[in-house]
>>> print(open('work.cif').read())   # mmCIF, C-alpha atoms
data_run
#
loop_
_atom_site.label_atom_id
_atom_site.label_comp_id
_atom_site.auth_asym_id
_atom_site.auth_seq_id
_atom_site.Cartn_x
_atom_site.Cartn_y
_atom_site.Cartn_z
CA MET A 125 50.72 -7.03 -17.66
CA SER A 126 52.18 -6.91 -21.19
CA PRO A 127 53.47 -3.58 -22.57
CA LEU A 128 50.53 -3.34 -24.99
CA ALA A 129 47.96 -4.15 -22.30
CA ASP A 130 49.53 -1.47 -20.11
CA ARG A 131 49.31 1.03 -22.98
CA LEU A 132 45.64 0.21 -23.59
CA GLU A 133 45.02 0.79 -19.87
CA GLN A 134 46.67 4.22 -20.07
CA VAL A 135 44.77 5.24 -23.20
CA GLY A 136 41.47 4.11 -21.68
CA ALA A 137 42.10 6.00 -18.45
CA GLU A 138 42.93 9.29 -20.17
CA ALA A 139 40.09 8.92 -22.69
CA ALA A 140 37.63 8.29 -19.83
CA ALA A 141 38.72 11.54 -18.22
CA ARG A 142 38.29 13.61 -21.38
CA ALA A 143 35.36 11.99 -23.23
CA ASP A 144 31.88 10.59 -22.56
CA HIS A 145 32.73 7.19 -24.02
CA TRP A 146 35.75 5.48 -25.58
CA GLU A 147 36.64 2.38 -27.64
CA ILE A 148 40.05 1.06 -28.68
CA MET A 149 41.06 -1.34 -31.41
CA SER A 150 44.71 -2.37 -31.58
CA VAL A 151 46.29 -4.70 -34.16
CA GLU A 152 49.52 -6.61 -33.63
CA ARG A 153 50.90 -8.31 -36.73
CA ASP A 154 53.99 -10.43 -37.31
CA ASP A 155 54.93 -11.22 -40.92
CA THR A 156 57.52 -13.76 -42.04
CA VAL A 157 58.23 -13.54 -45.78
CA VAL A 158 60.11 -16.07 -47.90
CA GLU A 159 61.02 -15.09 -51.45
CA VAL A 160 61.06 -17.78 -54.13
CA GLY A 161 63.28 -17.24 -57.15
CA SER A 162 63.48 -19.73 -60.03
CA GLY A 163 61.85 -22.36 -57.86
CA MET A 164 64.24 -21.94 -54.90
CA PRO A 165 63.33 -20.42 -51.50
CA ASP A 166 65.73 -17.56 -51.00
CA LEU A 167 65.60 -14.50 -48.78
CA VAL A 168 63.71 -14.66 -45.46
CA ARG A 169 62.66 -11.47 -43.72
CA SER A 170 60.42 -10.66 -40.77
CA ALA A 171 58.48 -7.60 -39.65
CA HIS A 172 56.40 -6.64 -36.63
CA GLU A 173 53.79 -3.90 -36.54
CA THR A 174 51.49 -2.60 -33.84
CA ALA A 175 48.89 0.07 -34.50
CA LEU A 176 46.08 1.52 -32.43
CA CYS A 177 42.78 3.25 -33.21
CA LEU A 178 40.90 5.26 -30.57
CA ARG A 179 37.26 6.24 -30.99
CA VAL A 180 35.65 8.65 -28.53
CA HIS A 181 32.21 10.19 -28.01
CA ARG A 182 32.14 13.75 -26.74
CA HIS A 183 29.14 16.07 -26.59
CA GLY A 184 27.18 13.70 -28.85
CA ARG A 185 29.78 13.48 -31.61
CA VAL A 186 32.39 10.91 -32.63
CA GLY A 187 36.11 11.50 -33.01
CA THR A 188 38.77 9.01 -34.05
CA ALA A 189 42.56 8.96 -34.09
CA THR A 190 45.09 6.33 -35.15
CA THR A 191 48.77 5.87 -34.43
CA THR A 192 51.72 3.50 -34.57
CA ARG A 193 53.49 5.53 -31.85
CA LEU A 194 52.12 3.84 -28.77
CA ASP A 195 54.19 5.96 -26.39
CA ASP A 196 52.28 9.18 -27.19
CA VAL A 197 49.09 8.50 -25.22
CA HIS A 198 48.34 12.16 -24.55
CA GLY A 199 48.69 13.09 -28.23
CA LEU A 200 46.44 10.24 -29.38
CA VAL A 201 43.62 11.07 -26.96
CA GLY A 202 43.96 14.78 -27.68
CA GLU A 203 43.63 14.24 -31.43
CA ALA A 204 40.53 12.06 -31.01
CA VAL A 205 38.89 14.65 -28.73
CA ARG A 206 39.67 17.49 -31.17
CA ASN A 207 38.28 15.49 -34.08
CA ALA A 208 35.06 14.88 -32.16
CA ALA A 209 34.34 18.61 -32.24
CA HIS A 210 33.54 18.28 -35.95
CA GLY A 211 32.79 14.56 -36.15
CA PRO A 212 29.54 12.78 -37.11
CA PRO A 213 26.74 12.33 -34.57
CA ALA A 214 27.24 9.45 -32.14
CA SER A 215 24.87 6.49 -32.41
CA ARG A 216 22.75 5.37 -29.50
CA ASP A 217 24.61 2.08 -29.29
CA PRO A 218 28.21 3.06 -29.95
CA VAL A 219 29.83 -0.36 -29.59
CA ILE A 220 27.68 -2.96 -31.33
CA GLY A 221 28.61 -6.45 -30.23
CA ARG A 222 31.20 -5.26 -27.71
CA ASN A 223 30.23 -7.97 -25.23
CA ALA A 224 30.78 -10.81 -27.69
CA ALA A 225 32.93 -13.62 -26.34
CA PRO A 226 36.56 -13.74 -27.49
CA GLU A 227 37.23 -15.96 -30.47
CA ALA A 228 39.12 -19.19 -30.10
CA VAL A 229 42.56 -19.15 -31.64
CA GLU A 230 42.91 -21.87 -34.24
CA ARG A 231 46.39 -23.37 -34.12
CA SER A 232 47.50 -25.96 -36.62
CA ALA A 233 49.99 -28.55 -35.52
CA ALA A 234 51.72 -28.12 -38.87
CA ASP A 235 52.18 -24.39 -38.32
CA GLN A 236 55.55 -23.89 -36.65
CA GLY A 237 56.58 -20.35 -37.48
CA THR A 238 59.42 -19.97 -39.97
CA ARG A 239 59.48 -23.71 -40.59
CA SER A 240 55.91 -23.70 -41.91
CA VAL A 241 56.40 -20.73 -44.24
CA ARG A 242 59.57 -22.29 -45.65
CA LEU A 243 57.68 -25.55 -46.15
CA LEU A 244 55.04 -23.74 -48.20
CA ALA A 245 57.74 -21.89 -50.16
CA GLU A 246 59.41 -25.22 -50.94
CA GLN A 247 56.09 -26.62 -52.20
CA LEU A 248 55.68 -23.58 -54.41
CA GLY A 249 59.19 -24.09 -55.74
CA ALA A 250 58.48 -27.78 -56.33
CA LEU A 251 55.85 -26.74 -58.88
CA GLN A 252 58.74 -25.67 -61.10
CA ARG A 253 59.97 -29.24 -61.24
CA SER A 254 56.54 -30.83 -61.65
CA ALA A 255 55.07 -28.29 -64.09
CA GLY A 256 58.22 -27.32 -65.98
CA LEU A 257 57.49 -23.60 -65.54
CA THR A 258 59.82 -21.13 -63.82
CA VAL A 259 58.23 -20.09 -60.52
CA HIS A 260 58.86 -16.76 -58.76
CA GLY A 261 57.01 -15.13 -55.89
CA THR A 262 56.68 -14.62 -52.17
CA VAL A 263 55.07 -16.59 -49.38
CA THR A 264 54.04 -14.62 -46.30
CA ARG A 265 53.04 -16.13 -42.98
CA THR A 266 50.97 -13.65 -40.99
CA GLU A 267 50.06 -13.92 -37.34
CA GLN A 268 47.55 -11.25 -36.42
CA ALA A 269 45.98 -10.35 -33.08
CA VAL A 270 43.17 -7.84 -32.74
CA HIS A 271 42.65 -6.34 -29.27
CA ARG A 272 39.51 -4.44 -28.37
CA ALA A 273 38.95 -2.43 -25.23
CA ALA A 274 35.97 -0.45 -23.94
CA PRO A 275 34.75 0.60 -20.50
CA ASP A 276 33.02 -2.75 -19.99
CA GLY A 277 35.97 -5.00 -20.81
CA ARG A 278 38.47 -6.33 -23.34
CA THR A 279 38.67 -9.10 -25.94
CA THR A 280 41.52 -10.48 -28.02
CA THR A 281 41.09 -12.46 -31.24
CA SER A 282 43.92 -14.09 -33.14
CA ASP A 283 44.52 -15.88 -36.40
CA ARG A 284 47.35 -17.03 -38.61
CA PHE A 285 47.42 -17.71 -42.32
CA PHE A 286 49.60 -17.66 -45.42
CA HIS A 287 49.49 -15.35 -48.43
CA ILE A 288 51.01 -16.39 -51.77
CA ALA A 289 51.85 -14.04 -54.62
CA ALA A 290 53.41 -16.12 -57.37
CA LEU A 291 54.09 -16.17 -61.08
CA ALA A 292 54.73 -19.33 -63.09
CA GLU A 293 56.14 -18.56 -66.52
CA GLY A 294 57.34 -20.41 -69.57
CA SER A 295 58.38 -19.30 -73.03
CA ALA A 296 54.86 -18.14 -73.95
CA VAL A 297 52.66 -18.39 -70.84
CA GLN A 298 52.63 -16.41 -67.61
CA LEU A 299 50.30 -17.67 -64.89
CA PRO A 300 49.93 -15.34 -61.88
CA TRP A 301 48.24 -16.32 -58.62
CA THR A 302 47.48 -14.18 -55.59
CA GLY A 303 45.62 -15.95 -52.83
CA TRP A 304 45.61 -17.24 -49.28
CA THR A 305 45.66 -20.52 -47.42
CA ARG A 306 45.35 -21.24 -43.74
CA THR A 307 47.39 -24.44 -44.04
CA PRO A 308 50.99 -24.57 -45.33
CA ALA A 309 49.99 -26.34 -48.53
CA VAL A 310 49.53 -25.22 -52.13
CA PRO A 311 45.90 -25.90 -53.16
CA ALA A 312 45.73 -29.16 -55.13
CA ALA A 313 43.41 -27.67 -57.77
CA LEU A 314 45.91 -24.87 -58.41
CA SER A 315 48.81 -27.32 -58.77
CA ALA A 316 46.82 -29.40 -61.26
CA TRP A 317 45.95 -26.27 -63.25
CA LEU A 318 49.56 -25.09 -63.47
CA GLU A 319 50.72 -28.52 -64.59
CA ALA A 320 48.00 -28.65 -67.26
CA ALA A 321 48.78 -25.14 -68.52
CA ALA A 322 52.50 -25.94 -68.64
CA GLY A 323 51.71 -28.55 -71.29
CA TRP A 324 50.34 -25.81 -73.53
CA ASP A 325 53.44 -23.59 -73.37
CA GLY A 326 54.79 -24.73 -76.71
CA LEU A 327 51.56 -24.30 -78.66
CA PRO A 328 51.46 -21.85 -81.60
CA ALA A 329 50.00 -18.35 -81.36
CA ALA A 330 46.39 -18.11 -82.48
CA ASP A 331 43.49 -15.70 -82.86
CA ALA A 332 40.13 -16.13 -81.20
CA PRO A 333 37.34 -17.53 -83.37
CA SER A 334 35.59 -14.78 -85.31
CA GLY A 335 32.14 -16.33 -85.11
CA ASP A 336 29.95 -17.74 -82.37
CA HIS A 337 32.03 -19.60 -79.76
CA ASP A 338 32.10 -20.76 -76.14
CA VAL A 339 34.05 -19.03 -73.35
CA LEU A 340 35.69 -20.90 -70.47
CA LEU A 341 36.94 -18.64 -67.67
CA ALA A 342 39.64 -19.63 -65.15
CA PRO A 343 39.20 -18.54 -61.48
CA SER A 344 41.33 -15.40 -61.91
CA ALA A 345 39.16 -14.26 -64.83
CA VAL A 346 35.97 -15.15 -62.93
CA HIS A 347 37.16 -12.91 -60.09
CA THR A 348 37.61 -10.05 -62.57
CA LEU A 349 34.20 -10.73 -64.12
CA LEU A 350 32.47 -10.62 -60.72
CA THR A 351 34.23 -7.47 -59.50
CA PRO A 352 31.66 -5.04 -61.03
CA LEU A 353 28.83 -6.86 -59.23
CA VAL A 354 30.75 -7.15 -55.96
CA THR A 355 31.59 -3.45 -56.18
CA ALA A 356 27.98 -2.54 -57.04
CA LEU A 357 26.76 -4.39 -53.92
CA ASN A 358 29.29 -2.57 -51.73
CA GLY A 359 27.66 -0.06 -49.38
CA THR A 360 30.16 2.61 -50.42
CA ALA A 361 29.07 2.39 -54.08
CA VAL A 362 25.41 2.29 -53.08
CA THR A 363 25.63 5.46 -50.96
CA ALA A 364 27.64 7.25 -53.65
CA GLY A 365 25.09 6.44 -56.36
CA ARG A 366 27.69 4.44 -58.30
CA SER A 367 25.94 1.06 -58.30
CA PHE A 368 24.20 -0.36 -61.37
CA VAL A 369 22.29 -2.87 -59.22
CA ALA A 370 21.33 -0.90 -56.09
CA GLY A 371 17.88 0.03 -57.39
CA HIS A 372 17.20 -3.46 -58.71
CA LEU A 373 17.64 -5.73 -55.70
CA GLY A 374 15.14 -8.57 -55.86
CA GLU A 375 15.13 -8.56 -59.68
CA PRO A 376 16.61 -11.45 -61.73
CA LEU A 377 20.07 -10.61 -63.09
CA LEU A 378 21.94 -13.91 -63.55
CA HIS A 379 21.14 -17.52 -64.38
CA PRO A 380 18.73 -19.07 -61.81
CA SER A 381 21.43 -21.60 -60.85
CA ILE A 382 23.92 -18.93 -59.75
CA GLY A 383 24.56 -18.03 -56.11
CA LEU A 384 27.11 -15.75 -54.42
CA ARG A 385 27.62 -15.99 -50.67
CA ASP A 386 30.16 -14.48 -48.29
CA HIS A 387 30.80 -17.03 -45.58
CA PRO A 388 33.52 -18.73 -43.54
CA SER A 389 34.73 -22.25 -44.15
CA GLU A 390 35.36 -24.47 -41.19
CA PRO A 391 38.99 -23.85 -40.13
CA ALA A 392 39.31 -27.16 -38.27
CA VAL A 393 38.68 -29.21 -41.44
CA PRO A 394 40.88 -28.36 -44.46
CA ASP A 395 38.78 -28.09 -47.60
CA GLU A 396 39.61 -29.60 -50.97
CA GLU A 397 41.33 -26.42 -52.11
CA GLY A 398 43.78 -26.68 -49.22
CA THR A 399 42.85 -23.29 -47.78
CA GLY A 400 41.73 -24.76 -44.47
CA GLY A 401 39.28 -21.92 -44.01
CA LEU A 402 39.62 -18.15 -44.32
CA ALA A 403 40.39 -15.89 -41.40
CA TRP A 404 36.87 -15.09 -40.22
CA PRO A 405 36.64 -12.85 -37.16
CA GLY A 406 33.78 -12.83 -34.69
CA SER A 407 33.10 -9.17 -35.45
CA ASP A 408 34.19 -6.52 -37.92
CA ASP A 409 36.17 -3.41 -37.07
CA ASP A 410 32.97 -1.51 -36.27
CA GLY A 411 32.19 -4.13 -33.62
CA VAL A 412 29.33 -5.71 -35.60
CA PRO A 413 29.18 -9.53 -35.36
CA CYS A 414 30.23 -11.26 -38.59
CA ALA A 415 27.79 -13.74 -40.09
CA PRO A 416 27.34 -15.48 -43.47
CA LEU A 417 25.63 -13.24 -46.00
CA THR A 418 23.88 -14.28 -49.22
CA LEU A 419 24.42 -11.62 -51.90
CA VAL A 420 22.94 -13.40 -54.93
CA GLU A 421 20.35 -16.15 -54.57
CA ARG A 422 19.14 -18.14 -57.58
CA GLY A 423 20.44 -15.45 -59.90
CA VAL A 424 18.80 -12.60 -57.99
CA PRO A 425 20.88 -9.94 -56.14
CA VAL A 426 19.20 -9.77 -52.73
CA ARG A 427 21.45 -7.80 -50.41
CA ALA A 428 24.25 -5.26 -50.30
CA TYR A 429 27.00 -5.51 -47.68
CA HIS A 430 27.65 -2.66 -45.29
CA SER A 431 29.82 -1.10 -42.66
CA VAL A 432 28.14 0.87 -39.85
CA ARG A 433 28.67 4.13 -41.76
CA THR A 434 27.22 2.98 -45.09
CA ALA A 435 24.34 1.16 -43.37
CA ALA A 436 23.38 4.34 -41.53
CA ALA A 437 23.44 6.28 -44.81
CA CYS A 438 21.11 3.68 -46.38
CA GLU A 439 18.94 3.42 -43.26
CA THR A 440 19.52 -0.31 -43.01
CA ALA A 441 21.34 -2.68 -40.65
CA PRO A 442 25.12 -3.18 -40.89
CA THR A 443 26.15 -6.65 -42.07
CA GLY A 444 29.49 -7.10 -40.29
CA HIS A 445 31.67 -6.22 -43.28
CA GLY A 446 33.27 -2.98 -42.06
CA PHE A 447 37.03 -3.54 -42.01
CA ARG A 448 40.11 -1.39 -41.92
CA GLY A 449 41.86 -3.08 -44.83
CA ASN A 450 40.25 -6.54 -44.68
CA ALA A 451 39.92 -9.48 -42.31
CA LEU A 452 43.11 -11.01 -43.70
CA ARG A 453 45.19 -7.91 -43.18
CA ARG A 454 43.87 -5.25 -40.85
CA THR A 455 45.24 -1.78 -41.60
CA VAL A 456 44.34 0.44 -38.68
CA LEU A 457 45.42 3.63 -40.42
CA LYS A 458 42.70 3.12 -43.07
CA PRO A 459 39.00 3.92 -42.48
CA ALA A 460 36.53 1.06 -42.04
CA THR A 461 34.88 0.28 -45.38
CA PRO A 462 32.70 -2.63 -46.58
CA VAL A 463 34.85 -5.59 -47.67
CA LEU A 464 34.05 -9.17 -48.72
CA ASN A 465 36.44 -11.69 -47.20
CA GLY A 466 35.24 -15.13 -48.31
CA ALA A 467 32.80 -14.89 -51.22
CA THR A 468 32.02 -18.17 -52.97
CA LEU A 469 30.45 -18.43 -56.42
CA SER A 470 28.33 -21.57 -56.75
CA ALA A 471 25.76 -23.21 -59.01
CA GLY A 472 23.12 -25.89 -58.65
CA PRO A 473 24.26 -29.55 -58.66
CA ALA A 474 23.03 -30.08 -62.23
CA ASP A 475 25.36 -27.32 -63.47
CA VAL A 476 28.61 -28.54 -61.87
CA GLY A 477 31.29 -30.67 -63.54
CA SER A 478 35.02 -31.30 -63.54
CA PHE A 479 37.35 -29.01 -65.46
CA ASP A 480 38.05 -31.83 -67.92
CA ASP A 481 34.32 -32.22 -68.55
CA LEU A 482 33.90 -28.48 -69.11
CA LEU A 483 36.83 -28.41 -71.54
CA ALA A 484 35.64 -31.52 -73.40
CA GLY A 485 32.25 -29.90 -73.96
CA VAL A 486 33.71 -27.01 -75.99
CA ARG A 487 33.71 -27.61 -79.74
CA GLU A 488 35.14 -24.20 -80.59
CA GLY A 489 35.93 -21.51 -78.05
CA VAL A 490 38.48 -19.77 -75.85
CA LEU A 491 39.87 -20.36 -72.37
CA VAL A 492 40.51 -17.03 -70.63
CA GLU A 493 43.08 -17.36 -67.84
CA SER A 494 43.45 -13.70 -66.85
CA LEU A 495 42.65 -10.15 -67.94
CA MET A 496 44.45 -6.83 -67.61
CA GLY A 497 42.72 -3.58 -66.68
CA GLY A 498 39.26 -5.02 -66.14
CA HIS A 499 38.20 -2.91 -63.14
CA GLN A 500 38.06 0.68 -64.39
CA ARG A 501 34.28 1.06 -64.48
CA ALA A 502 33.84 -0.70 -61.12
CA GLY A 503 30.21 -0.77 -59.98
CA LEU A 504 28.86 1.54 -62.66
CA SER A 505 28.50 -1.13 -65.32
CA PRO A 506 28.15 -4.93 -65.51
CA VAL A 507 30.56 -4.96 -68.46
CA VAL A 508 34.24 -5.75 -67.91
CA GLU A 509 36.50 -4.15 -70.50
CA GLY A 510 40.23 -4.82 -70.66
CA ARG A 511 42.88 -6.76 -72.49
CA LEU A 512 43.40 -10.47 -72.63
CA ARG A 513 46.48 -11.20 -70.55
CA LEU A 514 46.60 -14.93 -71.20
CA GLY A 515 44.15 -17.15 -73.05
CA PHE A 516 44.00 -20.30 -75.12
CA LEU A 517 42.18 -21.43 -78.23
CA ILE A 518 39.97 -24.52 -77.78
CA ARG A 519 38.98 -26.83 -80.62
CA ASP A 520 37.06 -30.08 -80.24
CA GLY A 521 37.58 -30.21 -76.48
CA ARG A 522 41.36 -29.68 -76.62
CA VAL A 523 43.59 -26.64 -76.19
CA ALA A 524 45.03 -25.89 -79.62
CA GLY A 525 46.87 -22.57 -79.32
CA ILE A 526 47.84 -19.53 -77.25
CA LEU A 527 45.71 -16.48 -77.97
CA ARG A 528 47.34 -13.26 -79.01
CA GLN A 529 46.70 -10.36 -76.64
CA ARG A 530 43.70 -8.33 -77.69
CA PRO A 531 40.96 -6.10 -76.23
CA ILE A 532 38.11 -8.02 -74.66
CA ALA A 533 34.72 -7.14 -73.21
CA LEU A 534 32.60 -9.46 -71.07
CA ASP A 535 29.10 -8.73 -69.79
CA LEU A 536 28.51 -10.65 -66.56
CA ARG A 537 24.76 -10.62 -67.28
CA GLU A 538 25.52 -12.65 -70.41
CA VAL A 539 28.33 -14.91 -69.17
CA LEU A 540 26.56 -15.70 -65.88
CA GLY A 541 23.11 -15.22 -67.38
CA ARG A 542 21.58 -16.65 -70.53
CA ARG A 543 24.94 -17.99 -71.82
CA PHE A 544 25.85 -19.75 -68.57
CA ARG A 545 26.31 -23.50 -68.79
CA ALA A 546 28.34 -24.81 -65.83
CA VAL A 547 30.98 -24.27 -63.13
CA SER A 548 33.80 -26.58 -62.12
CA ASP A 549 33.58 -28.73 -59.01
CA ARG A 550 36.90 -27.39 -57.69
CA ARG A 551 37.91 -23.84 -56.92
CA TRP A 552 40.68 -21.92 -55.23
CA ALA A 553 41.08 -18.64 -53.41
CA VAL A 554 41.76 -15.47 -55.38
CA SER A 555 42.56 -12.40 -53.30
CA ARG A 556 43.02 -8.99 -54.87
CA ILE A 557 40.46 -6.19 -54.39
CA TRP A 558 38.30 -8.68 -52.48
CA SER A 559 38.82 -12.30 -51.47
CA GLY A 560 36.80 -15.27 -52.67
CA ARG A 561 36.88 -18.90 -53.74
CA MET A 562 36.32 -19.04 -57.50
CA PRO A 563 35.61 -21.99 -59.84
CA PHE A 564 36.03 -22.26 -63.61
CA VAL A 565 32.93 -20.98 -65.46
CA LEU A 566 31.74 -22.14 -68.87
CA ALA A 567 29.50 -19.92 -71.02
CA GLY A 568 28.03 -21.00 -74.33
CA GLY A 569 28.07 -19.08 -77.58
CA THR A 570 25.83 -16.10 -78.20
#
>>> encode(input="work.cif", output="structure tokens")
Amino acid sequence: MSPLADRLEQVGAEAAARADHWEIMSVERDDTVVEVGSGMPDLVRSAHETALCLRVHRHGRVGTATTTRLDDVHGLVGEAVRNAAHGPPASRDPVIGRNAAPEAVERSAADQGTRSVRLLAEQLGALQRSAGLTVHGTVTRTEQAVHRAAPDGRTTTSDRFFHIAALAEGSAVQLPWTGWTRTPAVPAALSAWLEAAAGWDGLPAADAPSGDHDVLLAPSAVHTLLTPLVTALNGTAVTAGRSFVAGHLGEPLLHPSIGLRDHPSEPAVPDEEGTGGLAWPGSDDDGVPCAPLTLVERGVPVRAYHSVRTAAACETAPTGHGFRGNALRRTVLKPATPVLNGATLSAGPADVGSFDDLLAGVREGVLVESLMGGHQRAGLSPVVEGRLRLGFLIRDGRVAGILRQRPIALDLREVLGRRFRAVSDRRWAVSRIWSGRMPFVLAGGT
């Protein structure tokens, strides 16, 4: 028996003696990080972390305790029992989905520990030579195992993936990217975008058109634009009364072509973005089975996403989105909250085109690469207000200048509503507050 399995056995035995019911979730995580400086892989460092969360039922109430000190079994169980004295009422079915079969561990032949993370770091550095921009950042290979134990048995689920936080910069442009990939390869669409943007580095500074003009949003800006809606559909915002859409589910909000769905991609078949599928567990950290969830269908918000706690407050069913941290990086010391892990923005086939086609269709407009400070109002308003971090002037289907930084406000009901024209046929993962695969979005003039 491994040291961790032995510790879970000890915790379960003591919890059984002091509580009516018990559940354990333990997370083991190994991170290998390679830093990239000026296009060259540099420092390599590794870290290991194991954390444990115990949940007990005692006298009809729930108590939880978390720790990274696995040797203090008595203290962990004692804290959980004490917390149960003032905890919330226990549900009738305390461990939803506890008998689910263990997930298969997807292992890529190309993934060989430190070698694979260095390979990805070298590819990131190679962008400096191909794009002509100076590339800095980190590449992290994470191997994560989630162990669950309850009186009726144990399961272990595992996954491995890569996280990239990079910045490509020239004399006038700075292109950040924060995302994930399951395969040690930089997404092809991202590489093409960086190389295209590098060609605009020497363009003159310009102001945005003062009159009616089109707006083309890059995936990073689309992520920012969608954040108010994603936040408004979060069970936490709904229960707190901080959602502008909670009372209007089933009512048209966006263009009828628009859809937003949280779902896994098939990990065995790498997709065109090179992500190879997002880490998608069989169940969330509340024990609820994970399943694809449609949030917006044909422009109509149809469902919020919930953890067990927020679902109970709304008197609805949990959706399998309750995570401590998120599915990509479990953080046991955090409470379980609703989190989207693989949201994909899509449009009908008639409203999809290549990036070149979208750009060529703009007579006069702006290309917004990224925004700063666009999340302050969260789910209270569909309007994103911030500053333009990086943008470009478009004239007659060509990029003609680099926009000066300025305040900007975008209403997602307008950009993805009556002004919506098309999305690109390629997308890549953007992972900040929530994770999703985002395309370019083109909106016409007012």
>>> resolve_selection(input="work.cif", expression="the PyMOL selection byres ((chain A and resi 545-555) around 7)", output="ChimeraX atom specification")
/A:302-304,311,313-314,344,397,471,475-479,543-544,556-568
>>> closest_residue(input="work.cif", among="A:Ala356, A:Leu167, A:Ala214, A:Val420", to="A:Glu375", atoms="all atoms listed in the file")
A:Val420
>>> resolve_selection(input="work.cif", expression="the PyMOL selection byres ((chain A and resi 319) around 10)", output="PDB file with C-alpha atoms, in the frame of the given file")
ATOM      1  CA  LEU A 251      55.850 -26.740 -58.880  1.00  0.00           C
ATOM      2  CA  GLN A 252      58.740 -25.670 -61.100  1.00  0.00           C
ATOM      3  CA  ARG A 253      59.970 -29.240 -61.240  1.00  0.00           C
ATOM      4  CA  SER A 254      56.540 -30.830 -61.650  1.00  0.00           C
ATOM      5  CA  ALA A 255      55.070 -28.290 -64.090  1.00  0.00           C
ATOM      6  CA  GLY A 256      58.220 -27.320 -65.980  1.00  0.00           C
ATOM      7  CA  LEU A 257      57.490 -23.600 -65.540  1.00  0.00           C
ATOM      8  CA  LEU A 314      45.910 -24.870 -58.410  1.00  0.00           C
ATOM      9  CA  SER A 315      48.810 -27.320 -58.770  1.00  0.00           C
ATOM     10  CA  ALA A 316      46.820 -29.400 -61.260  1.00  0.00           C
ATOM     11  CA  TRP A 317      45.950 -26.270 -63.250  1.00  0.00           C
ATOM     12  CA  LEU A 318      49.560 -25.090 -63.470  1.00  0.00           C
ATOM     13  CA  ALA A 320      48.000 -28.650 -67.260  1.00  0.00           C
ATOM     14  CA  ALA A 321      48.780 -25.140 -68.520  1.00  0.00           C
ATOM     15  CA  ALA A 322      52.500 -25.940 -68.640  1.00  0.00           C
ATOM     16  CA  GLY A 323      51.710 -28.550 -71.290  1.00  0.00           C
ATOM     17  CA  TRP A 324      50.340 -25.810 -73.530  1.00  0.00           C
TER      18      TRP A 324
END
>>> resolve_selection(input="work.cif", expression="the PyMOL selection byres ((chain A and resi 481-498) around 6)", output="ChimeraX atom specification")
/A:337-342,344-345,478-480,499,508-521
>>> write_last_selection(input="work.cif", atoms="C-alpha atoms", output="PDB file, in the coordinates of the input")
ATOM      1  CA  HIS A 337      32.030 -19.600 -79.760  1.00  0.00           C
ATOM      2  CA  ASP A 338      32.100 -20.760 -76.140  1.00  0.00           C
ATOM      3  CA  VAL A 339      34.050 -19.030 -73.350  1.00  0.00           C
ATOM      4  CA  LEU A 340      35.690 -20.900 -70.470  1.00  0.00           C
ATOM      5  CA  LEU A 341      36.940 -18.640 -67.670  1.00  0.00           C
ATOM      6  CA  ALA A 342      39.640 -19.630 -65.150  1.00  0.00           C
ATOM      7  CA  SER A 344      41.330 -15.400 -61.910  1.00  0.00           C
ATOM      8  CA  ALA A 345      39.160 -14.260 -64.830  1.00  0.00           C
ATOM      9  CA  SER A 478      35.020 -31.300 -63.540  1.00  0.00           C
ATOM     10  CA  PHE A 479      37.350 -29.010 -65.460  1.00  0.00           C
ATOM     11  CA  ASP A 480      38.050 -31.830 -67.920  1.00  0.00           C
ATOM     12  CA  HIS A 499      38.200  -2.910 -63.140  1.00  0.00           C
ATOM     13  CA  VAL A 508      34.240  -5.750 -67.910  1.00  0.00           C
ATOM     14  CA  GLU A 509      36.500  -4.150 -70.500  1.00  0.00           C
ATOM     15  CA  GLY A 510      40.230  -4.820 -70.660  1.00  0.00           C
ATOM     16  CA  ARG A 511      42.880  -6.760 -72.490  1.00  0.00           C
ATOM     17  CA  LEU A 512      43.400 -10.470 -72.630  1.00  0.00           C
ATOM     18  CA  ARG A 513      46.480 -11.200 -70.550  1.00  0.00           C
ATOM     19  CA  LEU A 514      46.600 -14.930 -71.200  1.00  0.00           C
ATOM     20  CA  GLY A 515      44.150 -17.150 -73.050  1.00  0.00           C
ATOM     21  CA  PHE A 516      44.000 -20.300 -75.120  1.00  0.00           C
ATOM     22  CA  LEU A 517      42.180 -21.430 -78.230  1.00  0.00           C
ATOM     23  CA  ILE A 518      39.970 -24.520 -77.780  1.00  0.00           C
ATOM     24  CA  ARG A 519      38.980 -26.830 -80.620  1.00  0.00           C
ATOM     25  CA  ASP A 520      37.060 -30.080 -80.240  1.00  0.00           C
ATOM     26  CA  GLY A 521      37.580 -30.210 -76.480  1.00  0.00           C
TER      27      GLY A 521
END
>>> atom_distance(input="work.cif", atom1="atom CA of A:Arg242", atom2="atom CA of A:Arg453")
20.5 Å
>>> residues_around(input="work.cif", residues="A:Val297", least_positions_apart="2", cutoff="6 Å", atoms="only C-alpha atoms", output="count of residues only")
3
>>> closest_residue(input="work.cif", among="A:Ile288, A:Val135, A:Leu457, A:Ala428", to="A:Arg265", atoms="all atoms listed in the file")
A:Ile288
>>> closest_residue(input="work.cif", among="A:Ala415, A:Val354, A:Ala171, A:Ala533", to="A:Phe368", atoms="all atoms listed in the file")
A:Val354
>>> closest_residue(input="work.cif", among="A:Leu291, A:Leu417, A:Ala329, A:Leu540", to="A:Ala524", atoms="all atoms listed in the file")
A:Ala329
>>> closest_residue(input="work.cif", among="A:Gly261, A:Arg422, A:Leu378, A:Gly249", to="A:Val539", atoms="all atoms listed in the file")
A:Leu378
>>> closest_residue(input="work.cif", among="A:Cys414, A:Pro376, A:Cys438, A:Asp408", to="A:Ala364", atoms="only C-alpha atoms")
A:Cys438
